[in-house]
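> Dropping in query-v4.cif, with mmCIF, C-alpha atoms and all ligand atoms.
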```cif
data_start
loop_
_atom_site.label_atom_id
_atom_site.label_comp_id
_atom_site.auth_asym_id
_atom_site.auth_seq_id
_atom_site.Cartn_x
_atom_site.Cartn_y
_atom_site.Cartn_z
CA MET A 240 87.40 97.96 75.11
CA LYS A 241 87.94 96.15 78.41
CA LEU A 242 91.17 95.86 80.44
CA LEU A 243 91.97 93.26 83.08
CA VAL A 244 94.41 94.92 85.46
CA THR A 245 96.25 92.91 88.13
CA GLY A 246 97.54 94.62 91.27
CA GLY A 247 95.34 97.65 90.68
CA ALA A 248 95.02 98.37 94.42
CA GLY A 249 98.76 98.99 94.78
CA PHE A 250 100.70 102.18 94.18
CA ILE A 251 101.24 102.14 90.40
CA GLY A 252 98.25 99.94 89.51
CA SER A 253 95.82 102.26 91.30
CA ALA A 254 97.38 105.31 89.62
CA PHE A 255 96.88 103.56 86.27
CA VAL A 256 93.23 102.74 87.04
CA ARG A 257 92.53 106.33 88.16
CA LEU A 258 94.27 107.75 85.10
CA ILE A 259 92.54 105.45 82.61
CA LEU A 260 89.07 105.96 84.06
CA ASP A 261 89.58 109.72 83.69
CA LEU A 262 90.13 109.43 79.92
CA ARG A 263 87.42 110.96 77.72
CA GLU A 264 86.24 107.54 76.54
CA PRO A 265 87.52 105.17 79.22
CA PRO A 266 87.66 101.42 78.69
CA ALA A 267 85.96 99.15 81.22
CA ILE A 268 88.38 97.92 83.90
CA VAL A 269 88.37 94.71 85.92
CA ASN A 270 90.86 94.94 88.77
CA LEU A 271 92.18 91.65 90.22
CA ASP A 272 94.08 92.14 93.46
CA LYS A 273 94.80 89.96 96.48
CA LEU A 274 95.00 92.96 98.84
CA THR A 275 98.31 92.08 100.46
CA TYR A 276 99.85 94.56 102.92
CA ALA A 277 100.55 96.78 99.86
CA GLY A 278 97.05 96.63 98.37
CA ASN A 279 94.63 99.27 99.62
CA LEU A 280 91.11 99.89 98.36
CA GLU A 281 91.32 103.44 99.72
CA ASN A 282 93.66 104.15 96.78
CA LEU A 283 90.67 103.57 94.51
CA ASP A 284 88.11 105.66 96.42
CA PRO A 285 88.11 108.39 93.74
CA ILE A 286 86.85 105.94 91.07
CA ALA A 287 85.28 103.03 93.02
CA SER A 288 81.70 103.84 92.02
CA ARG A 289 82.39 104.56 88.33
CA SER A 290 80.40 102.54 85.83
CA GLY A 291 82.55 100.08 83.93
CA TYR A 292 84.78 99.41 86.94
CA ARG A 293 84.80 96.11 88.82
CA PHE A 294 87.03 94.97 91.68
CA VAL A 295 87.73 91.27 92.25
CA ARG A 296 89.70 90.17 95.28
CA GLY A 297 91.86 87.19 94.36
CA ASP A 298 95.32 85.74 93.97
CA ILE A 299 97.03 85.74 90.55
CA CYS A 300 98.46 82.30 91.50
CA ASP A 301 94.90 80.88 91.64
CA ALA A 302 94.68 79.37 88.14
CA PRO A 303 90.96 78.34 88.24
CA LEU A 304 89.98 81.84 89.44
CA VAL A 305 92.09 83.61 86.80
CA ASP A 306 90.79 81.34 84.05
CA ALA A 307 87.14 81.78 85.07
CA LEU A 308 87.54 85.55 85.32
CA ILE A 309 89.03 85.80 81.82
CA GLN A 310 86.29 83.58 80.38
CA GLU A 311 83.62 85.67 82.09
CA GLU A 312 85.04 89.11 81.25
CA ARG A 313 86.75 88.44 77.88
CA PRO A 314 89.25 91.32 78.28
CA ASP A 315 90.83 92.94 75.21
CA ALA A 316 94.08 93.32 77.14
CA MET A 317 95.70 92.35 80.43
CA ILE A 318 97.98 94.81 82.24
CA HIS A 319 99.98 92.91 84.82
CA PHE A 320 101.14 95.03 87.77
CA ALA A 321 100.61 92.59 90.67
CA ALA A 322 103.86 91.73 92.43
CA GLU A 323 105.70 91.63 95.69
CA SER A 324 107.52 94.84 94.85
CA HIS A 325 110.03 95.64 97.57
CA VAL A 326 113.73 94.73 97.55
CA ASP A 327 114.21 94.88 101.35
CA ARG A 328 111.22 92.61 102.01
CA SER A 329 112.48 90.21 99.33
CA ILE A 330 115.78 89.98 101.23
CA LEU A 331 114.01 89.33 104.56
CA SER A 332 111.39 86.89 103.14
CA PRO A 333 111.97 85.74 99.55
CA SER A 334 109.24 83.08 99.47
CA PRO A 335 106.13 85.23 98.69
CA VAL A 336 108.20 87.17 96.16
CA ILE A 337 109.06 84.01 94.22
CA GLU A 338 105.50 82.71 94.47
CA THR A 339 103.70 85.83 93.25
CA ASN A 340 106.25 87.21 90.80
CA LEU A 341 107.12 83.90 89.13
CA ARG A 342 104.19 81.53 89.66
CA GLY A 343 101.65 84.35 89.50
CA THR A 344 103.01 85.65 86.20
CA PHE A 345 103.14 82.11 84.81
CA THR A 346 99.50 81.58 85.81
CA LEU A 347 98.41 84.77 84.04
CA LEU A 348 100.43 84.05 80.89
CA GLU A 349 99.03 80.53 80.70
CA ALA A 350 95.46 81.83 81.10
CA ALA A 351 96.13 84.49 78.42
CA ARG A 352 97.42 81.75 76.09
CA GLN A 353 94.51 79.35 76.69
CA ASN A 354 91.92 82.10 76.27
CA HIS A 355 93.58 83.95 73.38
CA VAL A 356 93.73 87.33 75.16
CA PRO A 357 94.59 89.85 72.40
CA ARG A 358 97.27 91.78 74.34
CA PHE A 359 99.34 91.28 77.51
CA VAL A 360 101.42 94.09 78.99
CA HIS A 361 103.90 92.78 81.55
CA VAL A 362 105.06 95.55 83.91
CA SER A 363 108.73 94.85 84.61
CA THR A 364 111.50 96.99 86.05
CA ASP A 365 114.91 98.46 85.22
CA GLU A 366 116.24 96.48 88.21
CA VAL A 367 116.48 93.44 85.90
CA TYR A 368 119.64 95.06 84.41
CA GLY A 369 121.31 95.21 87.82
CA SER A 370 123.85 97.89 88.58
CA VAL A 371 124.82 99.79 85.41
CA PRO A 372 128.46 101.02 85.35
CA ARG A 373 129.19 104.66 84.49
CA PRO A 374 128.89 106.11 81.91
CA LEU A 375 126.59 103.49 80.37
CA GLU A 376 122.81 103.62 80.05
CA ALA A 377 120.89 100.36 79.69
CA ASP A 378 118.89 100.05 76.50
CA GLU A 379 116.51 97.13 75.93
CA ASN A 380 119.35 94.85 74.73
CA PHE A 381 121.51 95.42 77.81
CA PRO A 382 122.34 92.12 79.61
CA LEU A 383 120.15 91.15 82.56
CA ASN A 384 122.08 90.92 85.82
CA PRO A 385 119.63 91.10 88.73
CA SER A 386 121.01 91.31 92.28
CA SER A 387 118.16 90.78 94.76
CA PRO A 388 115.49 88.08 95.09
CA TYR A 389 113.02 90.77 93.97
CA SER A 390 114.89 91.77 90.82
CA ALA A 391 115.77 88.13 89.99
CA SER A 392 112.09 87.19 90.28
CA LYS A 393 111.17 90.13 88.03
CA ALA A 394 113.86 89.11 85.51
CA GLY A 395 112.48 85.56 85.54
CA SER A 396 108.90 86.70 84.97
CA ASP A 397 110.04 89.20 82.31
CA LEU A 398 111.86 86.40 80.42
CA LEU A 399 108.92 84.04 80.82
CA ALA A 400 106.59 86.67 79.36
CA ARG A 401 108.93 87.03 76.38
CA ALA A 402 109.16 83.25 76.01
CA TYR A 403 105.35 83.12 75.80
CA PHE A 404 105.59 85.47 72.84
CA THR A 405 108.45 83.61 71.15
CA THR A 406 107.02 80.12 71.72
CA TYR A 407 103.24 80.56 71.70
CA ARG A 408 102.83 83.99 70.07
CA VAL A 409 100.98 85.30 73.12
CA PRO A 410 100.92 89.02 72.22
CA VAL A 411 103.17 90.20 75.03
CA ILE A 412 104.71 93.64 75.52
CA VAL A 413 107.24 94.09 78.36
CA THR A 414 107.83 97.48 79.97
CA ARG A 415 110.84 98.13 82.22
CA ALA A 416 110.46 101.27 84.31
CA SER A 417 112.80 103.06 86.67
CA ASN A 418 112.04 104.03 90.30
CA ASN A 419 108.56 105.51 90.65
CA TYR A 420 107.39 108.05 93.20
CA GLY A 421 104.16 109.94 93.83
CA PRO A 422 101.02 109.92 95.99
CA TYR A 423 99.71 106.67 97.54
CA GLN A 424 103.13 104.95 97.63
CA PHE A 425 103.50 102.59 100.58
CA PRO A 426 105.98 104.06 103.09
CA GLU A 427 108.55 101.26 102.70
CA LYS A 428 110.15 102.71 99.53
CA LEU A 429 112.71 105.52 99.72
CA LEU A 430 110.61 108.62 99.00
CA PRO A 431 107.46 107.94 101.04
CA LEU A 432 109.50 106.54 103.92
CA MET A 433 111.75 109.59 104.06
CA ILE A 434 108.87 112.04 103.55
CA SER A 435 106.75 110.49 106.26
CA ASN A 436 109.66 110.20 108.71
CA ALA A 437 110.70 113.80 107.99
CA LEU A 438 107.14 115.04 108.57
CA GLU A 439 107.04 113.13 111.88
CA GLY A 440 110.52 114.25 112.97
CA ARG A 441 111.85 110.67 112.90
CA PRO A 442 115.33 109.51 111.81
CA LEU A 443 116.00 109.01 108.08
CA PRO A 444 117.93 105.74 107.57
CA VAL A 445 120.41 106.10 104.68
CA TYR A 446 121.89 102.80 103.50
CA GLY A 447 125.68 102.78 103.17
CA ASP A 448 127.14 106.05 101.90
CA GLY A 449 123.93 107.30 100.26
CA GLN A 450 125.72 107.75 96.91
CA GLN A 451 123.64 105.09 95.11
CA ILE A 452 121.97 106.48 92.01
CA ARG A 453 118.37 106.00 90.95
CA ASP A 454 116.46 107.44 87.97
CA TRP A 455 113.21 108.96 89.30
CA LEU A 456 109.95 108.64 87.36
CA TYR A 457 106.71 110.31 88.43
CA VAL A 458 104.04 107.63 88.71
CA ASP A 459 101.58 109.30 86.30
CA ASP A 460 104.33 109.55 83.68
CA HIS A 461 104.88 105.81 84.10
CA CYS A 462 101.15 105.13 83.70
CA ARG A 463 100.97 107.29 80.55
CA ALA A 464 103.91 105.30 79.14
CA ILE A 465 102.17 101.99 79.85
CA HIS A 466 99.07 103.31 78.14
CA ALA A 467 101.19 104.39 75.15
CA ALA A 468 102.81 100.93 75.01
CA LEU A 469 99.37 99.30 75.21
CA GLU A 470 98.03 101.40 72.34
CA LYS A 471 101.07 101.90 70.13
CA GLY A 472 103.68 99.33 71.22
CA ARG A 473 104.64 96.38 69.08
CA GLU A 474 103.98 92.81 70.21
CA GLY A 475 107.05 90.93 71.39
CA GLU A 476 108.93 94.17 72.16
CA ILE A 477 110.47 95.54 75.33
CA TYR A 478 110.16 99.22 76.24
CA ASN A 479 112.31 100.96 78.85
CA ILE A 480 110.56 103.78 80.72
CA GLY A 481 112.84 106.18 82.59
CA GLY A 482 112.26 109.51 84.27
CA SER A 483 115.40 111.08 82.80
CA ARG A 484 116.34 112.31 86.28
CA SER A 485 119.24 110.52 87.96
CA LEU A 486 120.12 111.51 91.52
CA PRO A 487 122.17 110.05 94.38
CA ASN A 488 119.91 109.00 97.28
CA ILE A 489 121.46 111.51 99.67
CA GLU A 490 120.57 114.40 97.33
CA VAL A 491 116.98 113.21 97.19
CA ILE A 492 116.91 113.02 100.99
CA ARG A 493 118.36 116.53 101.34
CA LYS A 494 115.69 117.86 98.96
CA ILE A 495 113.01 116.24 101.13
CA LEU A 496 114.49 117.76 104.28
CA ALA A 497 114.61 121.19 102.66
CA ALA A 498 111.03 120.96 101.40
CA THR A 499 109.58 119.72 104.69
CA GLY A 500 111.69 122.04 106.86
CA ALA A 501 113.03 119.04 108.83
CA PRO A 502 116.62 119.29 110.16
CA GLU A 503 119.61 117.48 108.55
CA THR A 504 120.36 116.04 112.03
CA LEU A 505 117.62 113.47 111.29
CA ILE A 506 119.92 111.75 108.76
CA ARG A 507 121.35 108.42 110.01
CA TYR A 508 123.85 106.47 107.93
CA VAL A 509 123.04 102.82 108.63
CA GLU A 510 124.34 99.42 107.55
CA ASP A 511 124.03 98.94 103.80
CA ARG A 512 121.53 96.68 102.05
CA PRO A 513 123.19 93.38 101.01
CA GLY A 514 123.76 93.19 97.25
CA HIS A 515 122.83 96.88 96.92
CA ASP A 516 122.87 98.04 93.28
CA ARG A 517 125.06 101.13 92.98
CA ARG A 518 123.56 102.75 89.93
CA TYR A 519 120.51 102.42 87.71
CA ALA A 520 120.59 104.27 84.38
CA LEU A 521 118.18 103.76 81.56
CA SER A 522 117.68 104.85 77.97
CA SER A 523 114.02 105.44 77.07
CA ALA A 524 114.80 106.41 73.47
CA LYS A 525 112.82 103.48 72.02
CA ILE A 526 109.42 104.19 73.63
CA MET A 527 109.87 107.91 72.96
CA LYS A 528 110.57 107.30 69.28
CA GLU A 529 107.90 104.66 68.72
CA THR A 530 105.01 106.09 70.73
CA GLY A 531 105.81 109.78 71.19
CA TRP A 532 105.73 109.38 74.98
CA ALA A 533 107.95 111.62 77.12
CA PRO A 534 107.94 112.29 80.87
CA GLN A 535 105.96 115.46 81.64
CA VAL A 536 106.59 115.99 85.35
CA SER A 537 109.94 117.39 86.53
CA PHE A 538 111.42 115.88 89.70
CA GLU A 539 111.03 119.21 91.51
CA ASP A 540 107.31 119.52 90.66
CA GLY A 541 106.63 115.83 91.30
CA LEU A 542 108.41 115.91 94.65
CA ALA A 543 106.60 119.06 95.77
CA HIS A 544 103.25 117.55 94.80
CA THR A 545 104.09 114.26 96.52
CA ILE A 546 105.16 115.94 99.76
CA GLU A 547 102.00 118.04 99.75
CA TRP A 548 99.93 114.86 99.26
CA TYR A 549 101.56 113.18 102.29
CA GLN A 550 101.02 116.35 104.34
CA ARG A 551 97.32 116.40 103.43
CA ASN A 552 96.79 112.62 103.84
CA THR A 553 98.11 111.88 107.31
CA GLY A 554 95.05 109.65 107.89
CA TRP A 555 96.02 107.43 104.93
CA VAL A 556 99.59 107.23 106.23
CA ALA A 557 98.47 106.38 109.77
CA ARG A 558 96.16 103.62 108.49
CA VAL A 559 98.81 101.93 106.32
CA LYS A 560 101.31 102.01 109.18
CA SER A 561 99.64 98.95 110.67
CA GLU A 562 101.09 96.47 113.14
CA GLU A 563 102.42 94.55 110.14
CA TYR A 564 104.27 97.69 109.02
CA ARG A 565 105.72 98.32 112.45
CA ASN A 566 106.94 94.71 112.62
CA TYR A 567 108.52 95.03 109.18
CA TYR A 568 110.16 98.31 110.16
CA ALA A 569 111.61 96.76 113.31
CA ARG A 570 112.92 93.73 111.39
CA ASN A 571 114.49 95.79 108.62
CA TYR A 572 115.92 98.71 110.57
CA GLU A 573 116.55 97.86 114.20
CA SER A 574 119.44 95.51 113.44
CA ARG A 575 120.98 98.11 111.09
CA SER A 576 121.54 100.77 113.69
CA GLU A 577 120.94 101.24 117.37
CA HIS A 578 119.90 104.84 116.59
CA ILE A 579 116.77 103.98 114.60
CA GLU A 580 113.59 104.38 116.59
CA PRO A 581 110.51 102.21 116.05
CA ALA A 582 107.95 103.40 113.48
CA SER A 583 105.01 105.32 114.95
P1 LIG B 1 102.79 97.69 95.21
O1 LIG B 1 103.54 96.80 96.14
O2 LIG B 1 102.42 99.06 95.65
O3 LIG B 1 101.42 96.96 94.75
C1 LIG B 1 101.38 95.62 94.41
C2 LIG B 1 99.92 95.21 94.31
O4 LIG B 1 99.86 93.85 93.89
C3 LIG B 1 99.16 95.32 95.62
O5 LIG B 1 97.90 95.91 95.42
C4 LIG B 1 99.02 93.87 96.07
O6 LIG B 1 97.86 93.63 96.86
C5 LIG B 1 98.94 93.16 94.73
N1 LIG B 1 99.37 91.75 94.82
C6 LIG B 1 100.51 91.27 95.38
N2 LIG B 1 100.54 89.93 95.28
C7 LIG B 1 99.40 89.57 94.63
C8 LIG B 1 98.86 88.33 94.22
N3 LIG B 1 99.51 87.17 94.48
N4 LIG B 1 97.68 88.31 93.57
C9 LIG B 1 97.02 89.47 93.30
N5 LIG B 1 97.47 90.67 93.68
C10 LIG B 1 98.65 90.72 94.34
O7 LIG B 1 103.66 97.71 93.88
P2 LIG B 1 103.91 98.91 92.85
O8 LIG B 1 105.01 99.75 93.35
O9 LIG B 1 102.61 99.53 92.52
O10 LIG B 1 104.47 98.09 91.59
C11 LIG B 1 103.58 97.60 90.60
C12 LIG B 1 104.37 96.87 89.54
O11 LIG B 1 105.32 97.76 88.96
C13 LIG B 1 105.18 95.69 90.07
O12 LIG B 1 105.13 94.65 89.13
C14 LIG B 1 106.61 96.24 90.18
O13 LIG B 1 107.56 95.21 90.04
C15 LIG B 1 106.63 97.20 89.01
N6 LIG B 1 107.56 98.32 89.13
C16 LIG B 1 107.57 99.10 90.25
C17 LIG B 1 108.42 100.19 90.34
C18 LIG B 1 108.43 101.09 91.56
O14 LIG B 1 109.25 102.00 91.63
N7 LIG B 1 107.52 100.91 92.51
C19 LIG B 1 109.30 100.48 89.28
C20 LIG B 1 109.26 99.66 88.12
C21 LIG B 1 108.39 98.60 88.07
P1 LIG B 2 113.78 101.62 97.21
O1 LIG B 2 112.75 102.70 97.27
O2 LIG B 2 113.65 100.47 98.14
O3 LIG B 2 113.85 101.16 95.69
P2 LIG B 2 114.90 100.19 94.94
O4 LIG B 2 115.73 99.48 95.94
O5 LIG B 2 113.95 99.25 94.28
O6 LIG B 2 115.67 101.06 94.03
O7 LIG B 2 115.21 102.27 97.45
C1 LIG B 2 115.69 103.31 96.61
C2 LIG B 2 117.11 103.61 97.05
O8 LIG B 2 117.09 104.14 98.38
C3 LIG B 2 118.01 102.38 97.11
O9 LIG B 2 119.32 102.75 96.72
C4 LIG B 2 118.00 102.00 98.57
C5 LIG B 2 117.88 103.35 99.28
N1 LIG B 2 117.19 103.32 100.59
C6 LIG B 2 117.82 103.85 101.72
O10 LIG B 2 118.97 104.35 101.67
N2 LIG B 2 117.15 103.81 102.90
C7 LIG B 2 115.90 103.27 103.03
O11 LIG B 2 115.34 103.23 104.15
C8 LIG B 2 115.27 102.75 101.85
C9 LIG B 2 113.89 102.16 101.92
C10 LIG B 2 115.95 102.80 100.65
#
```
In structure tokens, how does this file's structure come out?
Ligand code: NAD
Ligand code: TYD


Amino acid sequence: MKLLVTGGAGFIGSAFVRLILDLREPPAIVNLDKLTYAGNLENLDPIASRSGYRFVRGDICDAPLVDALIQEERPDAMIHFAAESHVDRSILSPSPVIETNLRGTFTLLEAARQNHVPRFVHVSTDEVYGSVPRPLEADENFPLNPSSPYSASKAGSDLLARAYFTTYRVPVIVTRASNNYGPYQFPEKLLPLMISNALEGRPLPVYGDGQQIRDWLYVDDHCRAIHAALEKGREGEIYNIGGSRSLPNIEVIRKILAATGAPETLIRYVEDRPGHDRRYALSSAKIMKETGWAPQVSFEDGLAHTIEWYQRNTGWVARVKSEEYRNYYARNYESRSEHIEPAS
């Protein structure tokens, strides 16, 4: 068994590679990643020298490279994580988001079709449903209503993947997961940004009123669900993957402050994100019923473990907070509030 993973140097992709290579009889893994600002080979240090693992630096939009790699490696399945994954960056600079998420996914699907790859798992997101009004939960048939350039590009690639099944019978499975958190997450997303700012005594920028709701999924639970979908999912199907733990952002932030011992005076309410989705809510009944998967890590345990990881890995945090990060931070936050200080 051999898997071609894209985006395996990012947060979720690297967790998937580490998890899979720790199985009793692990498949071989080829990891194709461009190493953008979000890709980091340090995330793969624990497994980099394992036999059966190969890293290839390259762009998923590079059709000749993707085609040659598939012909050389003949993978049994492709697991497609690579993406520009951040809503705020997609608002500031939509172009790379459209290129990678749409053209990149098209390039991979086309290569899978031409080379008859036996299985293609497309890693999508619950953000394709847009804001879900109370008291509803989105199941897999819920209408798509994406709000940001990021979520619209993910909805487009998700639909294209399904069209490749319907039209060409490329054996596609689509997974739509809720907000992930855990170790190695780049400090642009809510949890790692708030944890790292709290640990450094820096302000915590809360968009709008902080009452937006997200469903939190521990990253290893997400990776186990993708593995279950790969092994037991049905071709042409969509599987929602939620953490079954919905919380308003401000409650998450207060939990982080309590756990790190940082004062509530660090909280800053700043100008809201344009097009901000108010509530994500997801039903994972289908994947639970069909594969037996269920989330194993409670939010309290996952958060405690994540905070401990960021406390122990200050070197990793310092290295990813590059000049590029500081520029992004200034662009995204300085115009929102005069109170926000530059990133360290
Ligand atoms: P990430 O930003 O941490 O990692 C993305 C990875 O893709 C990086 O290693 C980057 O170098 C690579 N990449 C980007 N553009 C590329 C290109 N053109 N060619 C090759 N590699 C490229 O993202 P993540 O949080 O790990 O998300 C992984 C996937 O899961 C994405 O498809 C995302 O939409 C989806 N997802 C994420 C979440 C979440 O909460 N983070 C939730 C649901 C779904
Ligand atoms: P994020 O981690 O960017 O994920 P997504 O937008 O894909 O759900 O944000 C999670 C929530 O946290 C979202 O409601 C926006 C909010 N948020 C803040 O209030 N402040 C911040 O600095 C960030 C990054 C996010």

> Neighbouring residues of ligand LIG 2 (chain B) are defined here as those with any atom at most 10 Å from a ligand atom, counting all atoms listed in the file; list them as number ranges by chain.

A: 324-328, 364-366, 387, 389-390, 417-420, 424-433, 442-455, 487-489, 491-492, 507-512, 515-519, 568, 571-572

> Report, in Å to a single decimal, how far apart CA of Arg358 (chain A) and CA of Pro303 (chain A) are.

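Interatomic distance here is 20.3 Å.
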
> Just the residues within 12 Å of region 258-262 of chain A, please, counting all atoms listed in the file, with nothing from its chain fewer than 4 positions along; format it as a PyMOL selection string.

chain A and resi 240-242+244+247+251-254+266-269+283+285-293+318+458-467+469

> Smallest atom-to-atom distance to ligand LIG 1 (chain B): which of A:Gly395, A:Ala416, A:Arg296, A:Pro314, using only C-alpha atoms and all ligand atoms?

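That would be A:Ala416, the residue with the smallest distance to ligand LIG 1 (chain B).
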
> Which one is closest to ligand LIG 1 (chain B): A:Cys300, A:Val411, A:Leu348, A:Leu243? Count only C-alpha atoms and all ligand atoms.

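The shortest atom-to-atom distance to ligand LIG 1 (chain B) comes from A:Cys300.
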
> Nearest to ligand LIG 1 (chain B): which of A:Trp555, A:Tyr549, A:Phe320, A:Tyr403 is it, counting all atoms listed in the file?

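Selected residue with least distance to ligand LIG 1 (chain B): A:Phe320.
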
> Between A:Arg263, A:Lys393, A:Arg570, A:Arg493, which has the minimum distance to ligand LIG 1 (chain B) (counting all atoms listed in the file)?

A:Lys393

> Name all residues at most 9 Å from Ala302 (chain A) (count all atoms listed in the file; drop same-chain ones fewer than 3 positions away) and give them as a CSV table (one decimal) with C-alpha atoms, in the coordinates of the input.


```
chain,number,residue,atom,x,y,z
A,298,ASP,CA,95.3,85.7,94.0
A,299,ILE,CA,97.0,85.7,90.6
A,305,VAL,CA,92.1,83.6,86.8
A,306,ASP,CA,90.8,81.3,84.0
A,307,ALA,CA,87.1,81.8,85.1
A,343,GLY,CA,101.6,84.4,89.5
A,346,THR,CA,99.5,81.6,85.8
A,347,LEU,CA,98.4,84.8,84.0
A,349,GLU,CA,99.0,80.5,80.7
A,350,ALA,CA,95.5,81.8,81.1
```

> Taking all atoms listed in the file into account, name the residue in A:Ala582, A:Ala377, A:Ala351, A:Ile480 that is nearest to ligand LIG 1 (chain B).

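The closest residue to ligand LIG 1 (chain B) is A:Ile480.
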
> When you count all atoms listed in the file, which of these residues is closest to Ala501 (chain A): A:Ala557, A:Ala543, A:Leu521, A:Leu438?

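The closest residue to Ala501 (chain A) is A:Leu438.
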
> Taking every listed atom of ligand LIG 1 (chain B) and adding 5 Å to each side, what centre and edge lengths in Å (one decimal) does the axis-aligned box have, as AutoDock Vina command-line options?


```
--center_x 103.2 --center_y 94.6 --center_z 92.5 --size_x 22.3 --size_y 24.8 --size_z 18.8
```

> For atom C9 of ligand LIG 1 (chain B) and CA of Trp532 (chain A), determine how far apart the two atoms are, in Å to one decimal place.

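One can read the atom C9 of ligand LIG 1 (chain B) to CA of Trp532 (chain A) distance as 28.4 Å.
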
> Go ahead and compute the interatomic distance for CA of Thr344 (chain A) and CA of Leu331 (chain A), in Å to one decimal.

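Separating CA of Thr344 (chain A) from CA of Leu331 (chain A) is a distance of 21.7 Å.
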
> Please list as a ChimeraX atom specification every residue within 12 Å of His544 (chain A), counting all atoms listed in the file and excluding residues in the same chain fewer than 2 positions away.

/A:420-423,434,457-459,495,498-499,536-542,546-551

> Let's have the selection written as a short mmCIF file (atom, residue, chain, number, x, y, z; two decimals), in the coordinates of the input, with C-alpha atoms.


```
data_model
loop_
_atom_site.label_atom_id
_atom_site.label_comp_id
_atom_site.auth_asym_id
_atom_site.auth_seq_id
_atom_site.Cartn_x
_atom_site.Cartn_y
_atom_site.Cartn_z
CA TYR A 420 107.39 108.05 93.20
CA GLY A 421 104.16 109.94 93.83
CA PRO A 422 101.02 109.92 95.99
CA TYR A 423 99.71 106.67 97.54
CA ILE A 434 108.87 112.04 103.55
CA TYR A 457 106.71 110.31 88.43
CA VAL A 458 104.04 107.63 88.71
CA ASP A 459 101.58 109.30 86.30
CA ILE A 495 113.01 116.24 101.13
CA ALA A 498 111.03 120.96 101.40
CA THR A 499 109.58 119.72 104.69
CA VAL A 536 106.59 115.99 85.35
CA SER A 537 109.94 117.39 86.53
CA PHE A 538 111.42 115.88 89.70
CA GLU A 539 111.03 119.21 91.51
CA ASP A 540 107.31 119.52 90.66
CA GLY A 541 106.63 115.83 91.30
CA LEU A 542 108.41 115.91 94.65
CA ILE A 546 105.16 115.94 99.76
CA GLU A 547 102.00 118.04 99.75
CA TRP A 548 99.93 114.86 99.26
CA TYR A 549 101.56 113.18 102.29
CA GLN A 550 101.02 116.35 104.34
CA ARG A 551 97.32 116.40 103.43
#
```
